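**Q** First, the structure itself, so that you have it in front of you.
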Amino acid sequence: LRKKSMDFLKTFDMPPKNPSEDAQRRWREAVGTLVKNRRRRFRMVPDLDKRSQAETQRRNIQEKLRVALYVQKAALQFIDEELASLVRGHDTKSLRLHKGVEGLARKVNVSLADGVRSEDVGVRGEVYGANHYPEKAARTFWMYLWDASQDTTLMLLAFCAVVSVVIGIATEGWPGGMYDGLGIMLTISLVVTITAASDYKQSLQFRDLDREKKKIEIQVTRDGFRQKVSIYDIVVGDIVHLSIGDQVPADGLFIDGYSFIVDESSLSGESEPVHVSATNRFLLGGTKVQDGSARMLVTAVGMRTEWGNLMETLSQGGEDETPLQVKLNGVATIIGKIGLAFAVLTFTVLMARFLIGKAASPGGLVTWGMADALSVLNFFAVAVTIIVVAVPEGLPLAVTLSLAFAMKKLMQERALVRHLSACETMGSASCICTDKTGTLTTNHMVVEKVWAAGGATTVSTAKGFEEFTSSALSEGFAKLLLEGVFQCSGSEVVRGKDGKTSVMGTPTESAILEFGLGVEKNTCIEHTAAAKLKVEPFNSVKKTMAVVVASPNAGGRPRAFLKGASEVVLRRCSSVVVDRHGSIVALAEKNYMKQVAGAIDKFACEALRTLCLAYQDVGGENEVPNDGYTLIAVFGIKDPLRPGVREAVRTCHVAGINVRMVTGDNISTAKAIARECGILTADGVAIEGPEFRQMSPDQMRAIIPKIQVMARSLPLDKHTLVTNLRGMFNEVVAVTGDGTNDAPALHEADIGLAMGIAGTEVAKENADVIIMDDNFSTIINVAKWGRSVYINIQKFVQFQLTVNVVALMVNFVSASFTGSAPLTIVQLLWVNLIMDTLGALALATEPPSDDMMRRPPVGRGDNFITKVMWRNIAGQSIFQLVVLGVLLARGDSLLQMNGDKELLNTFVFNTFVFCQVFNEVNSREM
């Protein structure tokens, strides 16, 4: 025990040698309190003096170890608090006292190269806390039960039921007098219980979905290997790798990186981005990486972070009402007012008839008995019941059930719906602006062809690759090519615990690195590591990335490499490597410019994405030059179409949804892919971003309806296209995106669809739906379920309105002519219970059919209740009223009931119920 404890103590440093006075005071208090408590507890051991000397000695040793461990725990808490406050307060003075990032890494016992040991993760979680934020306590079933019982009309009915029981027992005795009142109370209990159960179950579903959409993975180094872990598994001491679009998972310190810019607006409200570097190392959890890449040492997690402090003051709200729910709440209010008018009329007619009959009786209006009071109370209860039946409480429930059901099903089909309204809005989508890479294609890119040393070679086959490495590459040229491939890259080759190498990074760069690994294997020439002097990461505006390295192949002198879009890199080149020996010739000579441009065009026409790699020796400067580069190679990269994309695009066209491809690729590649998957048709237009953004509003109005492909587009072009489609043409637009640069368009669109695999956290946060498998076919499923939600709600509204119209008219007309309501309070409540819950459940959870994708989408301004629905409501209502009217007027003689009014009313009620059963079946298909 002693040995283990001492080993444990050695792994952690004590507080800094020169802490502040306040820190020293807190340290002494914490240690003093702990030691004092442990000694007091030690003295309280009974009969200590009577024990043997060995026993006493053993206990003393144990007690000393306990004190030592508690002291150590105080030290750890102290370090934890110091680390958290240091980053939160941007305390550069304390950082210097702790000897910078390296000093803090030693204090938390972690290597900046190898990261945390896997076996220590659990201990660190216990000591420093987990990277979780306390969630708002879930509402219990009893809370939902209480809410459901607060309905005013139900409370009125409950009051009537109690009075009815009292008067009934007084007039009719026990137990006959209590049946009506007790029946009403039992039915009310059932209504409240079922409503509460539905709401509670729905809240559980939404909590599950909330949990799912918070699942974010981040790359860390542990045990010397780079790997992906959930942000909730991050612990203090973890070395986290951050790149463009990532969310910073916890508070920490910048170790090293390039051009690292962070957006702290979510915390500070300041829109100005913050440059993080060796002079400003502080990173706060919850902020987003806007540019560059870096490694970070985690210093505080969970509630110790700045974001955690904010979370304490916030309570997470539930889902907002969707536009459809708002619309239906308006419909419910109008119907409720109509019901109230009918209830007042019915009560007035019943009271008038009662008073006329009372005045004509021997006692007149002067004498009143308990039976009279019971009659008046019954009239009031009938009026309240009419209101209960008329108000369609089932409408919001049906919408919620339908959306929750659709969301759950879409989860199984690899689509995570982040906002409820997206489900129904997607059903109205008339246009989808989609990315190419990863959405229409498989997102696993391979180098298909390479133009290098004066000629093009197909390298996707084993024979072609061997031919390229044997004939096109001399040792000098191979070293130059490999240096460019491996140094000028935002991706990384990592070795797993099993010894296998894998590439982590974007699909395009991974394809080039995999090509480089293949060249190394075939030629037995390995690239040499070089110190990076300056890095300009890739961004969508420049369409290039650049790096300056101290090149071993250039005698350690600085050498710049440039990689990016073919036409951009080619403009910055003045010469080219023309043979396998590495001979350099000016591009202007012997039509080499034409030859290279021709190779690029040929690659593009074969649907290959083209990238150029170039280099330049820069003397003693470490800056990235603007021009004067020497072209090394042109890569033609292929990303095959996903299975099922052609069929999905065809389904969209049949469903009246226009698919537009917006990509950063050159126009030849974009057109080839668009034709292959059926997006670009004979009458469609393919346009480039620069040409589009120079157009006037009138020119845009003329060309936008015809645009099917936009190539070489910037994020602003995508945003402009979406804005104009919505504003000029009133279209409901869905947009797919995966990068940080797609966030504005995703936010602007009616439905933003972010890619779950290739998508950055910024893109996902601005999206309404996350496509977990990055597949275009999944988007079609979202549209199909969206249409299903809308149509299912229409079915339920048609069913509900028919029931309401018939119930109101039957009771009102019967009360006017006979002085009594044939449908009693308990019967009406029972029908209301069934049609509001089980009816909603049945119609709202109908799965979508393929027929739904053969109709045009519902427009923005289209009426919710269509002409077909009005026809069905009117037809069913007239049919039911005629049948029930005939039974009420002539049922006694037709069915030979010999004047048994109760039997006739029972028959009328059963007929009414069966009419609703068949009405529900009819409503399944409008």
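By convention in this document, the chains of the structure tokens carry letters A, B, ... by their order, each chain's residues are numbered from 1, and ligands are numbered from 1 in the order they are shown.
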List the spatial neighbours of Ile667 (chain A) as a PyMOL selection string - criterion: any atom at most 9 Å away, only C-alpha atoms, same-chain residues fewer than 5 positions off excluded.

**A** chain A and resi 604+672+686-688+709-712

**Q** Would you mind reading off the distance between CA of Ser668 (chain A) and CA of Ala599 (chain A), one decimal, in Å?

**A**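 Distance between the two atoms: 12.4 Å.
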
**Q** DSSP on the backbone: what in region 444-532 of chain A comes out strand (DSSP E), as a list in words?

**A**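 Going through region 444-532 of chain A, the strand (DSSP E) residues come out as Val446, Val447, Glu448, Lys449, Val450, Trp451, Ala452, Gly455, Ala456, Thr457, Thr458, Glu492, Val493, Val494, Arg495, Thr501, Ser502, Val503, Met504 and Lys532 of chain A.
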
**Q** Save out the residues we just selected, N, CA and C atoms, as a short mmCIF file (atom, residue, chain, number, x, y, z; two decimals), in the first residue's frame.

**A**
```cif
data_model
loop_
_atom_site.label_atom_id
_atom_site.label_comp_id
_atom_site.auth_asym_id
_atom_site.auth_seq_id
_atom_site.Cartn_x
_atom_site.Cartn_y
_atom_site.Cartn_z
N VAL A 446 -9.54 8.67 -55.09
CA VAL A 446 -8.29 8.02 -55.48
C VAL A 446 -7.68 8.80 -56.65
N VAL A 447 -6.35 8.81 -56.74
CA VAL A 447 -5.68 9.45 -57.87
C VAL A 447 -5.82 8.51 -59.07
N GLU A 448 -6.56 8.97 -60.08
CA GLU A 448 -6.82 8.16 -61.28
C GLU A 448 -5.71 8.34 -62.31
N LYS A 449 -5.34 9.61 -62.55
CA LYS A 449 -4.30 9.91 -63.55
C LYS A 449 -3.34 10.98 -63.01
N VAL A 450 -2.12 10.93 -63.51
CA VAL A 450 -1.11 11.94 -63.13
C VAL A 450 -0.42 12.43 -64.40
N TRP A 451 -0.33 13.76 -64.53
CA TRP A 451 0.52 14.34 -65.59
C TRP A 451 1.80 14.80 -64.91
N ALA A 452 2.91 14.17 -65.24
CA ALA A 452 4.20 14.54 -64.65
C ALA A 452 5.31 14.17 -65.63
N GLY A 455 4.25 13.86 -69.46
CA GLY A 455 3.22 12.96 -70.00
C GLY A 455 2.22 12.54 -68.94
N ALA A 456 1.04 12.09 -69.42
CA ALA A 456 -0.03 11.65 -68.51
C ALA A 456 -0.02 10.13 -68.41
N THR A 457 -0.27 9.62 -67.18
CA THR A 457 -0.30 8.17 -66.94
C THR A 457 -1.50 7.83 -66.07
N THR A 458 -2.17 6.72 -66.40
CA THR A 458 -3.25 6.22 -65.53
C THR A 458 -2.60 5.41 -64.42
N GLU A 492 -2.71 13.93 -42.56
CA GLU A 492 -1.57 13.36 -41.86
C GLU A 492 -1.59 11.83 -41.96
N VAL A 493 -0.41 11.25 -42.14
CA VAL A 493 -0.28 9.79 -42.13
C VAL A 493 -0.01 9.37 -40.69
N VAL A 494 -0.91 8.52 -40.13
CA VAL A 494 -0.75 8.10 -38.73
C VAL A 494 -0.62 6.58 -38.67
N ARG A 495 0.12 6.13 -37.68
CA ARG A 495 0.31 4.69 -37.50
C ARG A 495 -0.53 4.24 -36.30
N THR A 501 -0.66 1.78 -41.24
CA THR A 501 -0.72 3.23 -41.47
C THR A 501 -2.07 3.59 -42.07
N SER A 502 -2.58 4.75 -41.66
CA SER A 502 -3.82 5.26 -42.24
C SER A 502 -3.69 6.77 -42.40
N VAL A 503 -4.53 7.33 -43.25
CA VAL A 503 -4.45 8.77 -43.53
C VAL A 503 -5.65 9.45 -42.90
N MET A 504 -5.39 10.49 -42.10
CA MET A 504 -6.47 11.26 -41.47
C MET A 504 -6.51 12.64 -42.11
N LYS A 532 8.76 22.82 -40.80
CA LYS A 532 7.89 23.77 -41.51
C LYS A 532 8.14 25.17 -40.97
#
```

**Q** Once you count only C-alpha atoms, what closest atom pair and distance in Å to one decimal does each residue of region 420-484 of chain A within 8 Å of region 751-759 of chain A have, with rows by chain and rising residue number, as a tab-separated table?

**A**
```
residue	atom	partner	partner_atom	distance
A:Ala422	CA	A:Ile751	CA	6.0
A:Thr425	CA	A:Ile751	CA	7.1
A:Met426	CA	A:Ile751	CA	6.5
A:Gly438	CA	A:Ala758	CA	7.2
A:Thr439	CA	A:Met755	CA	7.8
```

**Q** May I ask for the distance between CA of Gly292 (chain A) and CA of Ser243 (chain A), given in Å to one decimal place?

**A**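 Calculated distance between CA of Gly292 (chain A) and CA of Ser243 (chain A) is 6.0 Å.
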
**Q** Separation of CA of Arg572 (chain A) and CA of Asn626 (chain A), in Å?

**A**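 CA of Arg572 (chain A) sits 6.7 Å away from CA of Asn626 (chain A).
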
**Q** For Asn919 (chain A), which residue among A:Tyr258, A:Phe799, A:Phe907, A:Tyr790 is the nearest when counting only C-alpha atoms?

**A**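 Smallest separation from Asn919 (chain A) among the options: A:Phe799.
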